[in-house]
file target07.tsv (TSV, C-alpha atoms)
chain	number	residue	atom	x	y	z
U	1106	MET	CA	97.33	90.02	91.81
U	1107	THR	CA	98.69	87.05	93.70
U	1108	PRO	CA	100.10	87.64	97.18
U	1109	ARG	CA	103.71	86.57	97.55
U	1110	LEU	CA	103.68	85.86	101.28
U	1111	ASP	CA	102.00	86.89	104.51
U	1112	TYR	CA	104.76	88.94	106.10
U	1113	PHE	CA	102.89	89.13	109.41
U	1114	ALA	CA	102.81	85.33	109.62
U	1115	VAL	CA	106.44	84.94	108.54
U	1116	ALA	CA	108.03	87.50	110.89
U	1117	PRO	CA	105.52	88.52	113.59
U	1118	LYS	CA	108.13	89.44	116.21
U	1119	LEU	CA	110.04	91.60	113.77
U	1120	LEU	CA	106.86	93.49	112.85
U	1121	GLN	CA	105.99	94.27	116.47
U	1122	PRO	CA	108.24	97.37	116.60
U	1123	MET	CA	106.64	98.61	113.35
U	1124	LEU	CA	103.20	98.17	114.88
U	1125	ALA	CA	104.35	99.95	118.04
U	1126	LEU	CA	105.64	102.87	115.94
U	1127	GLU	CA	102.32	102.92	114.07
U	1128	ARG	CA	100.42	103.15	117.38
U	1129	ALA	CA	102.79	105.82	118.72
U	1130	VAL	CA	102.36	107.98	115.63
U	1131	ALA	CA	98.56	107.51	115.71
U	1132	SER	CA	98.47	108.72	119.32
U	1133	SER	CA	101.11	111.44	118.89
U	1134	GLY	CA	98.63	114.30	118.91
U	1135	LEU	CA	98.54	114.91	115.17
U	1136	GLU	CA	94.96	115.29	113.99
U	1137	PRO	CA	93.42	112.01	112.81
U	1138	GLY	CA	92.21	113.66	109.60
U	1139	LEU	CA	95.71	114.87	108.80
U	1140	ILE	CA	97.08	111.39	109.45
U	1141	HIS	CA	94.56	109.89	107.01
U	1142	LEU	CA	95.43	112.43	104.32
U	1143	VAL	CA	99.18	111.88	104.70
U	1144	LYS	CA	98.88	108.08	104.65
U	1145	THR	CA	96.64	108.17	101.61
U	1146	ARG	CA	98.79	110.66	99.70
U	1147	ALA	CA	102.03	108.75	100.30
U	1148	SER	CA	100.28	105.54	99.28
U	1149	GLN	CA	99.04	107.20	96.07
U	1150	ILE	CA	102.55	108.32	95.20
U	1151	ASN	CA	103.92	104.83	95.85
U	1152	GLY	CA	101.06	103.12	94.01
U	1153	CYS	CA	100.13	100.97	96.99
U	1154	ALA	CA	96.61	99.73	96.20
U	1155	PHE	CA	96.35	97.87	99.51
U	1156	CYS	CA	97.13	100.99	101.56
U	1157	ILE	CA	95.07	103.37	99.41
U	1158	GLU	CA	92.01	101.17	99.88
U	1159	MET	CA	92.59	100.77	103.62
U	1160	HIS	CA	93.31	104.42	104.38
U	1161	THR	CA	90.53	105.89	102.25
U	1162	ARG	CA	88.07	103.46	103.85
U	1163	GLU	CA	89.31	104.44	107.33
U	1164	ALA	CA	89.20	108.15	106.44
U	1165	LEU	CA	85.60	107.94	105.23
U	1166	LYS	CA	84.61	106.04	108.36
U	1167	ALA	CA	86.25	108.77	110.47
U	1168	GLY	CA	84.21	111.47	108.69
U	1169	GLU	CA	86.50	112.59	105.88
U	1170	THR	CA	84.62	113.76	102.81
U	1171	ALA	CA	84.71	111.88	99.56
U	1172	ALA	CA	85.51	115.09	97.67
U	1173	ARG	CA	88.70	115.67	99.65
U	1174	LEU	CA	89.79	112.08	99.08
U	1175	PHE	CA	88.95	112.21	95.36
U	1176	LEU	CA	90.96	115.42	94.96
U	1177	LEU	CA	93.93	114.39	97.09
U	1178	ASP	CA	96.07	113.50	94.09
U	1179	ALA	CA	95.60	117.13	92.92
U	1180	TRP	CA	95.62	118.79	96.36
U	1181	ALA	CA	97.80	121.69	95.21
U	1182	GLU	CA	95.12	122.74	92.69
U	1183	ALA	CA	92.09	122.15	94.94
U	1184	PRO	CA	90.78	124.62	97.54
U	1185	HIS	CA	89.63	121.83	99.88
U	1186	TYR	CA	92.67	121.72	102.18
U	1187	THR	CA	93.80	123.97	105.01
U	1188	PRO	CA	97.22	125.67	104.96
U	1189	ARG	CA	98.39	123.19	107.62
U	1190	GLU	CA	97.24	120.25	105.50
U	1191	ARG	CA	98.89	121.74	102.41
U	1192	ALA	CA	102.20	122.08	104.24
U	1193	ALA	CA	101.93	118.48	105.45
U	1194	LEU	CA	101.05	117.18	101.99
U	1195	ALA	CA	103.99	119.03	100.42
U	1196	TRP	CA	106.31	117.53	103.06
U	1197	THR	CA	104.75	114.10	102.43
U	1198	GLU	CA	105.56	114.37	98.75
U	1199	ALA	CA	109.08	115.64	99.42
U	1200	LEU	CA	109.94	112.81	101.82
U	1201	THR	CA	108.16	110.08	99.85
U	1202	LEU	CA	110.08	111.13	96.72
U	1203	ILE	CA	113.28	111.80	98.69
U	1204	ALA	CA	115.64	110.47	95.99
U	1205	ALA	CA	114.33	113.07	93.56
U	1206	THR	CA	113.56	115.97	95.90
U	1207	HIS	CA	116.19	115.79	98.65
U	1208	ALA	CA	113.63	117.46	100.99
U	1209	PRO	CA	113.89	121.01	99.62
U	1210	ASP	CA	114.44	123.93	101.98
U	1211	ASP	CA	111.36	125.78	100.72
U	1212	VAL	CA	109.09	122.81	101.48
U	1213	TYR	CA	110.58	122.52	104.98
U	1214	ALA	CA	110.18	126.26	105.48
U	1215	GLY	CA	106.52	125.88	104.52
U	1216	LEU	CA	106.01	123.70	107.59
U	1217	LEU	CA	107.29	126.26	110.09
U	1218	PRO	CA	104.23	128.54	110.27
U	1219	HIS	CA	101.93	125.54	110.81
U	1220	PHE	CA	103.84	122.97	112.86
U	1221	SER	CA	106.01	123.05	115.97
U	1222	GLU	CA	109.41	121.36	115.78
U	1223	GLU	CA	108.01	118.39	117.70
U	1224	GLU	CA	105.08	118.15	115.30
U	1225	ILE	CA	107.48	118.20	112.34
U	1226	VAL	CA	109.26	115.19	113.83
U	1227	LYS	CA	105.91	113.46	114.41
U	1228	LEU	CA	104.81	114.23	110.85
U	1229	SER	CA	108.13	112.97	109.45
U	1230	LEU	CA	107.81	109.72	111.40
U	1231	LEU	CA	104.25	109.34	110.11
U	1232	ILE	CA	105.54	109.73	106.55
U	1233	ALA	CA	108.44	107.34	107.15
U	1234	THR	CA	106.11	104.75	108.66
U	1235	ILE	CA	103.56	104.77	105.84
U	1236	ASN	CA	106.37	104.56	103.31
U	1237	ALA	CA	107.71	101.48	105.09
U	1238	TRP	CA	104.24	99.88	105.14
U	1239	ASN	CA	103.83	100.69	101.43
U	1240	ARG	CA	107.06	98.92	100.62
U	1241	LEU	CA	105.98	95.81	102.52
U	1242	ALA	CA	102.49	95.76	100.99
U	1243	ILE	CA	103.75	96.35	97.43
U	1244	GLY	CA	106.75	94.05	97.75
U	1245	PHE	CA	104.68	91.16	99.04
U	1246	ARG	CA	101.65	91.96	96.84
U	1247	ALA	CA	99.11	92.54	99.61
U	1248	VAL	CA	95.62	92.36	98.12
U	1249	PRO	CA	93.37	95.39	98.72
U	1250	GLY	CA	90.65	94.65	101.23
U	1251	GLN	CA	92.32	91.45	102.42
U	1252	ALA	CA	94.40	92.20	105.50
U	1253	PRO	CA	96.49	89.29	106.71
U	1254	ALA	CA	94.71	87.52	109.57
U	1255	THR	CA	97.75	87.92	111.77
U	1256	ALA	CA	97.77	91.70	111.17
U	1257	ALA	CA	94.19	92.05	112.35
U	1258	ALA	CA	95.05	90.40	115.63
U	1259	ALA	CA	98.02	92.73	116.27

call {"tool": "encode", "arguments": {"input": "target07.tsv", "output": "structure tokens"}}
result
Amino acid sequence: MTPRLDYFAVAPKLLQPMLALERAVASSGLEPGLIHLVKTRASQINGCAFCIEMHTREALKAGETAARLFLLDAWAEAPHYTPRERAALAWTEALTLIAATHAPDDVYAGLLPHFSEEEIVKLSLLIATINAWNRLAIGFRAVPGQAPATAAAA
């Protein structure tokens, strides 16, 4: 794969609000493990090799198990996830595939026993943010394992 352009170098000021949103979501109070699972799952759905590599590497470093990462694509059939994680993963799929799913009522209702309203907003912003990053990385052909130098400094 050949990168198309370094979007951080081309539009650094425009990416600052995205980076600020990323930091805000990361420090929102959602569990770091849940954040890693959501980012990885959305990236799997979108086929973003750059983000899958980055988020699985970060998850492993943070203590996530390889088995849970290997099974994430089949989370609904694997007993490795908590009810809260399952609700978040279902919502991740619904919002990532929004054109096809239209965020079904039953998936939203599945969040209610596990997340407060504020947490649902935080989770939805997490999903929206990773989907935006996926679109940048895929669109500009970011190479897995090769973060733009300007991104590392941000």

call {"tool": "closest_residue", "arguments": {"input": "target07.tsv", "among": "U:Cys1153, U:Leu1126, U:Ala1167, U:Ala1179", "to": "U:Ala1233", "atoms": "all atoms listed in the file"}}
result
U:Leu1126

call {"tool": "residues_around", "arguments": {"input": "target07.tsv", "residues": "U:His1219", "least_positions_apart": "5", "cutoff": "12 Å", "atoms": "only C-alpha atoms", "output": "PyMOL selection string"}}
result
chain U and resi 1135+1187-1193+1196+1213-1214+1224-1225+1228

call {"tool": "closest_residue", "arguments": {"input": "target07.tsv", "among": "U:Ala1237, U:Leu1231, U:Ala1147, U:Leu1139", "to": "U:Gly1168", "atoms": "only C-alpha atoms"}}
result
U:Leu1139

call {"tool": "closest_residue", "arguments": {"input": "target07.tsv", "among": "U:Leu1119, U:Glu1198, U:Ser1229, U:Ser1132", "to": "U:Ile1150", "atoms": "only C-alpha atoms"}}
result
U:Glu1198

call {"tool": "residues_around", "arguments": {"input": "target07.tsv", "residues": "U:Phe1175", "least_positions_apart": "6", "cutoff": "12 Å", "atoms": "all atoms listed in the file", "output": "ChimeraX atom specification"}}
result
/U:1142,1145-1146,1149,1157,1161,1164-1165,1169,1183,1185

call {"tool": "closest_residue", "arguments": {"input": "target07.tsv", "among": "U:Val1115, U:Pro1108, U:Ile1235, U:Arg1240", "to": "U:His1160", "atoms": "all atoms listed in the file"}}
result
U:Ile1235

call {"tool": "closest_residue", "arguments": {"input": "target07.tsv", "among": "U:Pro1218, U:Gly1250, U:Gln1121, U:Gly1134", "to": "U:Glu1163", "atoms": "all atoms listed in the file"}}
result
U:Gly1250

call {"tool": "closest_residue", "arguments": {"input": "target07.tsv", "among": "U:Ala1131, U:Gly1138, U:Met1106, U:Ser1148", "to": "U:Trp1238", "atoms": "only C-alpha atoms"}}
result
U:Ser1148

call {"tool": "atom_distance", "arguments": {"input": "target07.tsv", "atom1": "atom CA of U:Pro1249", "atom2": "atom CA of U:Ala1154"}}
result
6.0 Å

call {"tool": "atom_distance", "arguments": {"input": "target07.tsv", "atom1": "atom CA of U:Glu1182", "atom2": "atom CA of U:Val1226"}}
result
26.5 Å

call {"tool": "atom_distance", "arguments": {"input": "target07.tsv", "atom1": "atom CA of U:Asn1239", "atom2": "atom CA of U:Arg1162"}}
result
16.2 Å

call {"tool": "axis_aligned_box", "arguments": {"input": "target07.tsv", "around": "stretch 1122-1137 of chain U", "padding_each_side": "5 Å", "output": "lines of an AutoDock Vina configuration file"}}
result
center_x = 100.8
center_y = 106.3
center_z = 116.1
size_x = 24.8
size_y = 27.9
size_z = 16.5

call {"tool": "residues_around", "arguments": {"input": "target07.tsv", "residues": "U:Ala1208", "least_positions_apart": "3", "cutoff": "12 Å", "atoms": "all atoms listed in the file", "output": "ChimeraX atom specification"}}
result
/U:1195-1205,1211-1216,1229

call {"tool": "build_atoms", "arguments": {"input": "target07.tsv", "residues": "stretch 1142-1163 of chain U", "atoms": "N, CA and C atoms", "output": "PDB file, in the coordinates of the input"}}
result
ATOM      1  N   LEU U1142      95.036 111.797 105.577  1.00  0.00           N
ATOM      2  CA  LEU U1142      95.430 112.430 104.320  1.00  0.00           C
ATOM      3  C   LEU U1142      96.875 112.091 103.968  1.00  0.00           C
ATOM      4  N   VAL U1143      97.764 112.166 104.938  1.00  0.00           N
ATOM      5  CA  VAL U1143      99.180 111.880 104.700  1.00  0.00           C
ATOM      6  C   VAL U1143      99.370 110.420 104.277  1.00  0.00           C
ATOM      7  N   LYS U1144      98.735 109.501 104.998  1.00  0.00           N
ATOM      8  CA  LYS U1144      98.880 108.080 104.650  1.00  0.00           C
ATOM      9  C   LYS U1144      98.342 107.806 103.249  1.00  0.00           C
ATOM     10  N   THR U1145      97.224 108.400 102.930  1.00  0.00           N
ATOM     11  CA  THR U1145      96.640 108.170 101.610  1.00  0.00           C
ATOM     12  C   THR U1145      97.506 108.772 100.524  1.00  0.00           C
ATOM     13  N   ARG U1146      97.991 109.989 100.737  1.00  0.00           N
ATOM     14  CA  ARG U1146      98.790 110.660  99.700  1.00  0.00           C
ATOM     15  C   ARG U1146     100.100 109.905  99.449  1.00  0.00           C
ATOM     16  N   ALA U1147     100.789 109.502 100.493  1.00  0.00           N
ATOM     17  CA  ALA U1147     102.030 108.750 100.300  1.00  0.00           C
ATOM     18  C   ALA U1147     101.744 107.441  99.571  1.00  0.00           C
ATOM     19  N   SER U1148     100.648 106.798  99.925  1.00  0.00           N
ATOM     20  CA  SER U1148     100.280 105.540  99.280  1.00  0.00           C
ATOM     21  C   SER U1148      99.930 105.743  97.813  1.00  0.00           C
ATOM     22  N   GLN U1149      99.310 106.874  97.476  1.00  0.00           N
ATOM     23  CA  GLN U1149      99.040 107.200  96.070  1.00  0.00           C
ATOM     24  C   GLN U1149     100.342 107.344  95.306  1.00  0.00           C
ATOM     25  N   ILE U1150     101.266 108.091  95.862  1.00  0.00           N
ATOM     26  CA  ILE U1150     102.550 108.320  95.200  1.00  0.00           C
ATOM     27  C   ILE U1150     103.266 106.993  94.947  1.00  0.00           C
ATOM     28  N   ASN U1151     103.227 106.110  95.949  1.00  0.00           N
ATOM     29  CA  ASN U1151     103.920 104.830  95.850  1.00  0.00           C
ATOM     30  C   ASN U1151     103.138 103.797  95.049  1.00  0.00           C
ATOM     31  N   GLY U1152     101.878 104.071  94.756  1.00  0.00           N
ATOM     32  CA  GLY U1152     101.060 103.120  94.010  1.00  0.00           C
ATOM     33  C   GLY U1152     100.686 101.902  94.820  1.00  0.00           C
ATOM     34  N   CYS U1153     100.457 102.086  96.106  1.00  0.00           N
ATOM     35  CA  CYS U1153     100.130 100.970  96.990  1.00  0.00           C
ATOM     36  C   CYS U1153      98.608 100.810  97.076  1.00  0.00           C
ATOM     37  N   ALA U1154      98.062  99.937  96.241  1.00  0.00           N
ATOM     38  CA  ALA U1154      96.610  99.730  96.200  1.00  0.00           C
ATOM     39  C   ALA U1154      96.066  99.266  97.547  1.00  0.00           C
ATOM     40  N   PHE U1155      96.779  98.374  98.208  1.00  0.00           N
ATOM     41  CA  PHE U1155      96.350  97.870  99.510  1.00  0.00           C
ATOM     42  C   PHE U1155      96.167  99.023 100.499  1.00  0.00           C
ATOM     43  N   CYS U1156      97.177  99.897 100.591  1.00  0.00           N
ATOM     44  CA  CYS U1156      97.130 100.990 101.560  1.00  0.00           C
ATOM     45  C   CYS U1156      96.156 102.090 101.146  1.00  0.00           C
ATOM     46  N   ILE U1157      96.048 102.374  99.863  1.00  0.00           N
ATOM     47  CA  ILE U1157      95.070 103.370  99.410  1.00  0.00           C
ATOM     48  C   ILE U1157      93.674 102.920  99.800  1.00  0.00           C
ATOM     49  N   GLU U1158      93.338 101.673  99.532  1.00  0.00           N
ATOM     50  CA  GLU U1158      92.010 101.170  99.880  1.00  0.00           C
ATOM     51  C   GLU U1158      91.775 101.246 101.382  1.00  0.00           C
ATOM     52  N   MET U1159      92.738 100.792 102.165  1.00  0.00           N
ATOM     53  CA  MET U1159      92.590 100.770 103.620  1.00  0.00           C
ATOM     54  C   MET U1159      92.445 102.176 104.187  1.00  0.00           C
ATOM     55  N   HIS U1160      93.310 103.093 103.769  1.00  0.00           N
ATOM     56  CA  HIS U1160      93.310 104.420 104.380  1.00  0.00           C
ATOM     57  C   HIS U1160      92.161 105.295 103.905  1.00  0.00           C
ATOM     58  N   THR U1161      91.716 105.129 102.669  1.00  0.00           N
ATOM     59  CA  THR U1161      90.530 105.890 102.250  1.00  0.00           C
ATOM     60  C   THR U1161      89.288 105.360 102.951  1.00  0.00           C
ATOM     61  N   ARG U1162      89.207 104.047 103.120  1.00  0.00           N
ATOM     62  CA  ARG U1162      88.070 103.460 103.850  1.00  0.00           C
ATOM     63  C   ARG U1162      88.056 103.970 105.295  1.00  0.00           C
ATOM     64  N   GLU U1163      89.217 103.965 105.954  1.00  0.00           N
ATOM     65  CA  GLU U1163      89.310 104.440 107.330  1.00  0.00           C
ATOM     66  C   GLU U1163      88.987 105.939 107.414  1.00  0.00           C
TER      67      GLU U1163
END
